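J.: Just entry_31.cif, nothing more (mmCIF, C-alpha atoms and all ligand atoms):
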data_coords
#
loop_
_atom_site.label_atom_id
_atom_site.label_comp_id
_atom_site.auth_asym_id
_atom_site.auth_seq_id
_atom_site.Cartn_x
_atom_site.Cartn_y
_atom_site.Cartn_z
CA MET A 222 0.00 0.00 0.00
CA GLY A 223 1.35 3.48 -0.87
CA LYS A 224 2.63 5.57 1.98
CA ILE A 225 1.48 9.15 2.48
CA THR A 226 2.69 12.23 4.34
CA ILE A 227 0.60 13.42 7.30
CA ALA A 228 0.94 17.00 8.55
CA ILE A 229 -0.57 17.91 11.93
CA ASP A 230 -0.56 21.59 12.84
CA GLY A 231 -2.34 23.65 15.42
CA TYR A 232 -2.19 25.61 18.62
CA SER A 233 -0.11 24.68 21.66
CA SER A 234 -1.28 21.71 23.75
CA THR A 235 -4.09 20.64 21.47
CA GLY A 236 -2.88 17.02 21.50
CA LYS A 237 -0.95 17.17 18.20
CA SER A 238 2.05 15.15 19.34
CA THR A 239 -0.07 12.58 21.15
CA VAL A 240 -2.22 11.82 18.11
CA ALA A 241 0.75 12.06 15.72
CA LYS A 242 2.62 9.44 17.75
CA GLN A 243 -0.43 7.15 17.92
CA LEU A 244 -0.92 7.42 14.15
CA ALA A 245 2.75 6.75 13.40
CA ASP A 246 2.74 3.67 15.66
CA TRP A 247 -0.45 2.33 14.10
CA LEU A 248 0.62 2.97 10.50
CA GLU A 249 4.27 2.04 11.16
CA TYR A 250 5.33 5.48 9.94
CA VAL A 251 8.08 7.72 11.29
CA TYR A 252 6.92 10.34 13.80
CA VAL A 253 8.71 13.70 13.87
CA ASP A 254 8.07 16.24 16.65
CA SER A 255 9.20 19.42 14.88
CA GLY A 256 8.58 21.49 18.03
CA ALA A 257 11.30 19.48 19.80
CA MET A 258 13.78 20.85 17.24
CA TYR A 259 12.79 24.50 17.94
CA ARG A 260 12.96 23.71 21.66
CA ALA A 261 16.47 22.22 21.35
CA ILE A 262 17.80 25.32 19.55
CA THR A 263 16.19 27.41 22.30
CA LEU A 264 17.94 25.35 24.98
CA TYR A 265 21.23 25.91 23.12
CA ALA A 266 20.59 29.67 23.06
CA ILE A 267 19.79 29.71 26.79
CA GLU A 268 22.89 27.70 27.68
CA LYS A 269 25.12 29.95 25.57
CA GLY A 270 23.58 33.06 27.14
CA PHE A 271 22.15 34.34 23.84
CA ILE A 272 18.66 34.67 25.33
CA SER A 273 17.55 35.49 28.88
CA GLU A 274 14.83 37.42 30.70
CA THR A 275 16.72 40.64 29.92
CA SER A 276 18.46 40.12 26.58
CA PHE A 277 18.10 38.42 23.19
CA ASP A 278 21.07 38.35 20.81
CA SER A 279 19.66 36.76 17.68
CA ASP A 280 22.77 37.63 15.62
CA LYS A 281 24.98 35.50 17.87
CA LEU A 282 22.58 32.59 17.62
CA ILE A 283 22.46 32.90 13.83
CA LYS A 284 26.28 32.86 13.72
CA HIS A 285 26.40 29.67 15.78
CA LEU A 286 23.64 27.81 13.88
CA PRO A 287 26.09 25.73 11.78
CA GLU A 288 27.48 24.31 15.05
CA ILE A 289 24.10 22.95 16.11
CA SER A 290 23.35 19.33 15.33
CA LEU A 291 19.91 17.92 16.14
CA THR A 292 19.14 14.22 16.00
CA PHE A 293 16.29 12.00 17.16
CA VAL A 294 17.66 8.90 18.88
CA LYS A 295 15.43 6.00 19.98
CA ASN A 296 15.65 5.02 23.66
CA SER A 297 15.39 1.45 24.96
CA GLU A 298 11.57 1.67 24.76
CA GLY A 299 11.67 2.76 21.14
CA LYS A 300 10.70 6.39 21.89
CA ALA A 301 12.57 8.98 19.81
CA GLU A 302 14.40 11.48 22.03
CA MET A 303 15.96 14.78 21.06
CA HIS A 304 19.75 14.96 21.10
CA LEU A 305 21.52 18.33 20.88
CA ASN A 306 25.12 17.99 19.67
CA GLY A 307 25.09 14.36 20.81
CA ARG A 308 23.59 15.03 24.27
CA ASN A 309 20.16 13.73 25.26
CA VAL A 310 18.10 16.86 26.09
CA GLU A 311 14.62 15.34 25.89
CA LYS A 312 13.78 16.35 29.46
CA GLN A 313 15.40 19.81 29.47
CA ILE A 314 13.56 20.97 26.35
CA ARG A 315 10.15 20.52 28.03
CA THR A 316 10.71 22.99 30.89
CA MET A 317 8.74 26.22 31.31
CA GLN A 318 11.95 28.21 30.76
CA VAL A 319 12.33 26.74 27.28
CA SER A 320 8.58 27.22 26.65
CA GLU A 321 8.99 30.90 27.53
CA PHE A 322 11.74 31.55 24.98
CA VAL A 323 10.92 29.14 22.17
CA SER A 324 8.43 31.27 20.25
CA PRO A 325 10.75 34.32 19.95
CA ILE A 326 13.52 31.96 18.75
CA ALA A 327 11.10 30.43 16.22
CA THR A 328 10.54 33.85 14.61
CA ILE A 329 14.16 33.88 13.32
CA SER A 330 14.13 33.04 9.59
CA GLU A 331 17.62 31.50 9.65
CA VAL A 332 16.50 29.12 12.42
CA ARG A 333 13.35 28.17 10.48
CA SER A 334 15.23 27.62 7.25
CA LYS A 335 17.76 25.28 8.92
CA LEU A 336 15.00 23.23 10.54
CA VAL A 337 12.67 23.16 7.54
CA ASP A 338 15.54 21.76 5.40
CA GLN A 339 16.19 19.00 7.92
CA GLN A 340 12.46 18.24 8.28
CA GLN A 341 11.96 18.00 4.52
CA LYS A 342 14.86 15.54 4.27
CA MET A 343 13.30 13.42 7.04
CA GLY A 344 10.08 13.21 5.05
CA GLU A 345 11.60 12.53 1.63
CA GLY A 346 10.45 8.91 1.47
CA LYS A 347 6.90 9.66 2.73
CA GLY A 348 5.54 7.43 5.53
CA VAL A 349 5.96 10.28 7.99
CA VAL A 350 3.68 11.97 10.52
CA MET A 351 5.04 15.37 11.52
CA ASP A 352 3.45 17.81 13.94
CA GLY A 353 4.16 21.51 14.38
CA ARG A 354 2.96 24.91 13.23
CA ASP A 355 3.98 25.15 9.55
CA ILE A 356 4.02 21.53 8.44
CA GLY A 357 1.02 21.69 6.10
CA THR A 358 1.80 25.21 4.89
CA VAL A 359 5.60 25.23 4.47
CA VAL A 360 7.36 21.94 5.24
CA PHE A 361 5.04 19.59 3.30
CA PRO A 362 2.62 21.76 1.30
CA THR A 363 1.66 18.72 -0.81
CA ALA A 364 1.00 16.38 2.15
CA GLU A 365 -1.89 14.04 1.38
CA LEU A 366 -3.47 14.55 4.81
CA LYS A 367 -3.37 17.82 6.74
CA ILE A 368 -5.00 18.23 10.13
CA PHE A 369 -5.37 21.53 12.00
CA MET A 370 -6.07 21.08 15.72
CA ASN A 371 -7.70 23.57 18.02
CA ALA A 372 -9.26 23.73 21.50
CA THR A 373 -10.06 26.51 23.97
CA ALA A 374 -7.02 28.14 25.62
CA GLU A 375 -8.37 27.18 29.06
CA GLN A 376 -8.75 23.53 28.10
CA ARG A 377 -5.25 23.46 26.60
CA ALA A 378 -3.69 25.13 29.63
CA THR A 379 -5.47 22.68 31.95
CA ARG A 380 -4.04 19.74 30.00
CA ARG A 381 -0.50 21.13 29.91
CA TYR A 382 -0.62 22.17 33.59
CA LYS A 383 -1.60 18.62 34.59
CA GLU A 384 1.29 17.22 32.56
CA LEU A 385 3.85 19.59 34.13
CA ILE A 386 2.60 18.98 37.68
CA GLU A 387 2.80 15.22 37.12
CA ARG A 388 6.43 15.70 36.02
CA GLY A 389 7.15 17.54 39.28
CA ASP A 390 7.58 21.04 37.76
CA ALA A 391 6.75 23.95 40.09
CA VAL A 392 4.33 25.94 37.91
CA THR A 393 0.96 27.57 38.44
CA TYR A 394 -2.06 27.22 36.17
CA ALA A 395 -1.93 30.99 35.56
CA GLU A 396 1.67 30.77 34.31
CA VAL A 397 0.82 27.93 31.95
CA LEU A 398 -2.27 29.73 30.58
CA HIS A 399 -0.21 32.88 30.06
CA ASN A 400 2.52 30.93 28.23
CA VAL A 401 0.04 29.12 25.98
CA GLN A 402 -1.69 32.39 25.03
CA GLU A 403 1.56 34.28 24.52
CA ARG A 404 2.97 31.55 22.25
CA ASP A 405 -0.28 31.49 20.27
CA THR A 406 0.05 35.23 19.68
CA ILE A 407 3.72 35.12 18.64
CA ASP A 408 3.22 31.99 16.50
CA THR A 409 0.23 33.42 14.60
CA THR A 410 1.64 36.91 14.07
CA ARG A 411 5.28 36.26 13.14
CA GLU A 412 6.30 37.25 9.62
CA ASP A 413 7.99 34.03 8.57
CA SER A 414 5.66 31.01 8.31
CA PRO A 415 3.00 32.06 10.83
CA LEU A 416 0.72 29.41 12.28
CA ARG A 417 -2.16 29.15 9.81
CA LYS A 418 -4.61 26.49 8.78
CA ALA A 419 -3.61 25.35 5.30
CA LYS A 420 -6.48 25.76 2.82
CA ASP A 421 -6.77 21.99 2.38
CA ALA A 422 -6.40 21.11 6.09
CA ILE A 423 -9.22 19.52 8.08
CA GLU A 424 -9.88 21.45 11.28
CA ILE A 425 -10.63 19.51 14.44
CA ASP A 426 -11.66 21.20 17.68
CA ASN A 427 -11.03 18.70 20.45
CA SER A 428 -12.05 20.84 23.44
CA GLU A 429 -14.70 18.23 24.28
CA MET A 430 -12.95 15.22 22.77
CA ASN A 431 -10.90 12.58 24.55
CA LEU A 432 -7.66 11.11 23.19
CA GLU A 433 -9.32 7.92 21.98
CA ASP A 434 -12.04 9.72 20.01
CA GLN A 435 -9.64 12.12 18.32
CA PHE A 436 -7.33 9.23 17.40
CA HIS A 437 -10.14 7.25 15.77
CA ILE A 438 -11.38 10.24 13.78
CA ILE A 439 -7.92 11.06 12.44
CA LEU A 440 -6.97 7.42 11.84
CA GLN A 441 -10.08 7.00 9.67
CA LEU A 442 -9.10 10.09 7.66
CA ALA A 443 -5.60 8.65 7.20
CA LYS A 444 -6.93 5.27 6.11
CA ASP A 445 -9.16 6.96 3.53
CA ARG A 446 -6.25 8.96 2.11
CA ILE A 447 -3.99 5.90 2.01
CA ALA A 448 -6.70 3.89 0.23
CA GLY A 449 -6.94 6.72 -2.29
CA ARG A 450 -3.30 6.16 -3.21
CA VAL A 451 -3.52 2.43 -3.95
O1 LIG B 1 4.17 23.07 23.68
P1 LIG B 1 3.74 22.57 22.38
O2 LIG B 1 3.77 21.09 22.24
O3 LIG B 1 2.47 23.15 21.95
O4 LIG B 1 4.76 23.21 21.36
P2 LIG B 1 5.84 22.54 20.48
O5 LIG B 1 5.23 21.77 19.36
O6 LIG B 1 6.82 21.84 21.34
O7 LIG B 1 6.50 23.84 19.81
C1 LIG B 1 7.13 24.81 20.62
C2 LIG B 1 7.21 26.11 19.85
O8 LIG B 1 8.07 25.93 18.73
C3 LIG B 1 5.92 26.64 19.28
O9 LIG B 1 5.16 27.42 20.21
C4 LIG B 1 6.41 27.48 18.10
O10 LIG B 1 6.85 28.74 18.53
C5 LIG B 1 7.64 26.70 17.64
N1 LIG B 1 7.37 25.82 16.48
C6 LIG B 1 7.34 26.41 15.22
O11 LIG B 1 7.47 27.62 15.09
N2 LIG B 1 7.18 25.64 14.11
C7 LIG B 1 7.03 24.31 14.22
N3 LIG B 1 6.91 23.56 13.12
C8 LIG B 1 7.02 23.70 15.49
C9 LIG B 1 7.18 24.50 16.61
O1 LIG B 2 1.57 18.40 20.94
P1 LIG B 2 0.61 19.33 21.60
O2 LIG B 2 1.26 20.44 22.33
O3 LIG B 2 -0.44 19.84 20.68
O4 LIG B 2 -0.19 18.50 22.68
P2 LIG B 2 0.13 17.12 23.43
O5 LIG B 2 1.44 17.21 24.08
O6 LIG B 2 -0.12 15.97 22.52
O7 LIG B 2 -1.03 17.12 24.50
C1 LIG B 2 -1.00 17.96 25.63
C2 LIG B 2 -1.70 17.25 26.79
O8 LIG B 2 -3.11 17.28 26.54
C3 LIG B 2 -1.30 15.78 26.94
O9 LIG B 2 -1.16 15.49 28.30
C4 LIG B 2 -2.49 15.06 26.34
O10 LIG B 2 -2.66 13.77 26.92
C5 LIG B 2 -3.64 15.97 26.70
N1 LIG B 2 -4.83 15.86 25.80
C6 LIG B 2 -6.03 15.41 26.30
O11 LIG B 2 -6.11 15.08 27.49
N2 LIG B 2 -7.13 15.30 25.47
C7 LIG B 2 -7.05 15.64 24.17
N3 LIG B 2 -8.13 15.52 23.40
C8 LIG B 2 -5.84 16.12 23.65
C9 LIG B 2 -4.72 16.22 24.49
#
Take the structure I supplied and represent it as structure tokens, if you would.
Ligand code: CDP
Ligand code: CDP

T.:
Amino acid sequence: MGKITIAIDGYSSTGKSTVAKQLADWLEYVYVDSGAMYRAITLYAIEKGFISETSFDSDKLIKHLPEISLTFVKNSEGKAEMHLNGRNVEKQIRTMQVSEFVSPIATISEVRSKLVDQQQKMGEGKGVVMDGRDIGTVVFPTAELKIFMNATAEQRATRRYKELIERGDAVTYAEVLHNVQERDTIDTTREDSPLRKAKDAIEIDNSEMNLEDQFHIILQLAKDRIAGRV
């Protein structure tokens, strides 16, 4: 059966990566979390002192971009983890500090161009499910299936807050809601590749939907598209 490319875009904490992973497992496709790549570059910028609460030196980051190598390496359970210059940073890239700085970093065209190139290479052979903000519009504009996920900001913040608390992070619901809303604003208003629903994307609002229901709806859409390629 012919393999397709599946692009899943949408707002923060709508369940994109969860459903993308489930789909990739079920279809035996490769899953790529493009947000992890933006987060890893952000961690690099924080560690090098290029971005902080008080300063943001995008020129320095741009100069150092060729030194940054990002790879997904499978752990013993088969889960792909982000490695930054050979170091496993899967846990560090999910902190609130990285969440605070990632959207400003993702406005830099040089950063986007480096990552889009790498993402397009990863999807060359099809059989890929990639989630992010510009996958259906920029990375894979000819993807056979494009999904655009949405949910209320309060519902998304509640989900993300629960996840962070379970991980042991000291955050408040108000901080998480603020971060989700701020990233939405920066991601939708930036000049280069803003978060937009592609014209041919199917929009799914999962505010009132559980993980199982959203998976079954999207899996059916994928099966239909794959059947169309036979
Ligand atoms: O926290 P969440 O899972 O919603 O975000 P993420 O997918 O980890 O992405 C983190 C941030 O990276 C986003 O808020 C965007 O600023 C940026 N991003 C992007 O600009 N383009 C992508 N394809 C993926 C992420
Ligand atoms: O990748 P994205 O930021 O869009 O979201 P995610 O990391 O897949 O999901 C964020 C959190 O919301 C996870 O803990 C999911 O289990 C949860 N979620 C949910 O409970 N119900 C949904 N319909 C979607 C996501």

J.: Write out as a count of residues only each polymer residue whose atoms come within 10 Å of segment 293-299 of chain A, counting only C-alpha atoms; drop sequence neighbours fewer than 3 positions from it.

T.: 11

J.: Please, which residues have at least one atom within 7 Å of an atom of ligand LIG 1 (chain B), using all atoms listed in the file, listed as a count of residues only?

T.: 24

J.: Hey, which of A:Asp413, A:Glu331, A:Glu387, A:Glu396 ends up closest to ligand LIG 2 (chain B)? Count all atoms listed in the file.

T.: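 With all atoms listed in the file as the atom set, the closest residue is A:Glu387.
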
J.: Taking only C-alpha atoms and all ligand atoms into account, produce a table as CSV in which each residue of chain A with an atom at most 9 Å from an atom of ligand LIG 2 (chain B) appears once, together with its shortest atom pair and the distance in Å to one decimal, ordered by chain and rising number.

T.:
residue,atom,partner,partner_atom,distance
A:Ile229,CA,B:LIG2,O3,9.0
A:Asp230,CA,B:LIG2,O3,8.0
A:Gly231,CA,B:LIG2,O3,6.8
A:Tyr232,CA,B:LIG2,O3,6.4
A:Ser233,CA,B:LIG2,O2,4.5
A:Ser234,CA,B:LIG2,O2,3.2
A:Thr235,CA,B:LIG2,O3,3.8
A:Gly236,CA,B:LIG2,O6,3.1
A:Lys237,CA,B:LIG2,O3,3.7
A:Ser238,CA,B:LIG2,O1,3.7
A:Thr239,CA,B:LIG2,O6,3.7
A:Val240,CA,B:LIG2,O6,6.4
A:Ala241,CA,B:LIG2,O6,7.9
A:Lys242,CA,B:LIG2,O6,8.5
A:Asp254,CA,B:LIG2,O1,8.1
A:Gly256,CA,B:LIG2,O1,8.2
A:Asp352,CA,B:LIG2,O1,7.3
A:Gly353,CA,B:LIG2,O1,7.7
A:Met370,CA,B:LIG2,O3,7.6
A:Asn371,CA,B:LIG2,O3,8.6
A:Ala372,CA,B:LIG2,N3,8.5
A:Gln376,CA,B:LIG2,O8,8.6
A:Arg377,CA,B:LIG2,O8,6.5
A:Ala378,CA,B:LIG2,O8,8.5
A:Thr379,CA,B:LIG2,O8,8.0
A:Arg380,CA,B:LIG2,O8,4.3
A:Arg381,CA,B:LIG2,C2,5.1
A:Tyr382,CA,B:LIG2,C2,8.5
A:Lys383,CA,B:LIG2,O9,7.0
A:Glu384,CA,B:LIG2,O9,5.2
A:Leu385,CA,B:LIG2,O9,8.7
A:Asp426,CA,B:LIG2,N3,8.8
A:Asn427,CA,B:LIG2,N3,5.2
A:Ser428,CA,B:LIG2,N3,6.6
A:Glu429,CA,B:LIG2,N3,7.2
A:Met430,CA,B:LIG2,N3,4.9
A:Asn431,CA,B:LIG2,N3,4.2
A:Leu432,CA,B:LIG2,N3,4.4
A:Glu433,CA,B:LIG2,N3,7.8
A:Asp434,CA,B:LIG2,N3,7.8
A:Gln435,CA,B:LIG2,N3,6.3
A:Phe436,CA,B:LIG2,N3,8.7

J.: Would you mind telling me which residue in A:Arg411, A:Lys312, A:Lys281, A:Lys224 lies nearest to Leu264 of chain A when using only C-alpha atoms?

T.: A:Lys312

J.: If you measure from atom CA of Val349 of chain A to atom CA of Trp247 of chain A, what distance in Å do you get, rounded to one decimal?

T.: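 About the pair atom CA of Val349 of chain A and atom CA of Trp247 of chain A: they are 11.9 Å apart.
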
J.: Rank nothing, just name the residue among A:Glu268, A:Met317, A:Ser273, A:Leu286 nearest to Thr393 of chain A, using all atoms listed in the file.

T.: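 Nearest to Thr393 of chain A: A:Met317.
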
J.: Write out as number ranges by chain each polymer residue whose atoms come within 7 Å of Ala228 of chain A, counting only C-alpha atoms; drop sequence neighbours fewer than 4 positions from it.

T.: A: 350-352, 356-357, 364, 366-368

J.: Please produce a file of those selected residues containing C-alpha atoms, as a PDB file, in the frame of the given file.

T.:
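Saved to again24.pdb:
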ATOM      1  CA  VAL A 350       3.680  11.970  10.520  1.00  0.00           C
ATOM      2  CA  MET A 351       5.040  15.370  11.520  1.00  0.00           C
ATOM      3  CA  ASP A 352       3.450  17.810  13.940  1.00  0.00           C
ATOM      4  CA  ILE A 356       4.020  21.530   8.440  1.00  0.00           C
ATOM      5  CA  GLY A 357       1.020  21.690   6.100  1.00  0.00           C
ATOM      6  CA  ALA A 364       1.000  16.380   2.150  1.00  0.00           C
ATOM      7  CA  LEU A 366      -3.470  14.550   4.810  1.00  0.00           C
ATOM      8  CA  LYS A 367      -3.370  17.820   6.740  1.00  0.00           C
ATOM      9  CA  ILE A 368      -5.000  18.230  10.130  1.00  0.00           C
TER      10      ILE A 368
END

J.: Find the residue from A:Ala395, A:Asn306, A:Asp246, A:Ala448 that sits nearest to Pro287 of chain A; use only C-alpha atoms when measuring.

T.: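 For Pro287 of chain A, the nearest of the given residues is A:Asn306.
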
J.: Rounded to one decimal, what separation in Å do you get between atom CA of Arg308 of chain A and atom CA of Leu282 of chain A?

T.: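 For atom CA of Arg308 of chain A relative to atom CA of Leu282 of chain A, the distance reads 18.8 Å.
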
J.: Check the smallest atom-to-atom distance from each of A:Phe322, A:Leu416, A:Glu288, A:Leu248 to Glu274 of chain A using all atoms listed in the file, then report the winner.

T.: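 Counting all atoms listed in the file, the residue closest to Glu274 of chain A is A:Phe322.
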
J.: So, counting all atoms listed in the file, which residue among A:His437, A:Gln339, A:Gln318, A:Val360 is closest to Ala391 of chain A?

T.: A:Gln318

J.: For Ile326 of chain A, list every protein, DNA or RNA residue within 10 Å, evaluated using all atoms listed in the file, and leave out those in the same chain fewer than 6 positions away; present the list as a compact mmCIF listing (two decimals) with C-alpha atoms, keeping the file's coordinate frame.

T.:
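Output (selection.txt):
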# COMPACT_ATOMS: atom_id res chain seq x y z
CA TYR A 259 12.79 24.50 17.94
CA ARG A 260 12.96 23.71 21.66
CA ILE A 262 17.80 25.32 19.55
CA THR A 263 16.19 27.41 22.30
CA ALA A 266 20.59 29.67 23.06
CA ILE A 272 18.66 34.67 25.33
CA PHE A 277 18.10 38.42 23.19
CA SER A 279 19.66 36.76 17.68
CA LEU A 282 22.58 32.59 17.62
CA VAL A 332 16.50 29.12 12.42
CA ARG A 333 13.35 28.17 10.48

J.: In Å, rounded to a single decimal, give me how far atom CA of Glu424 of chain A is from atom CA of Tyr394 of chain A.

T.: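 Here the two named atoms are 26.7 Å from each other.
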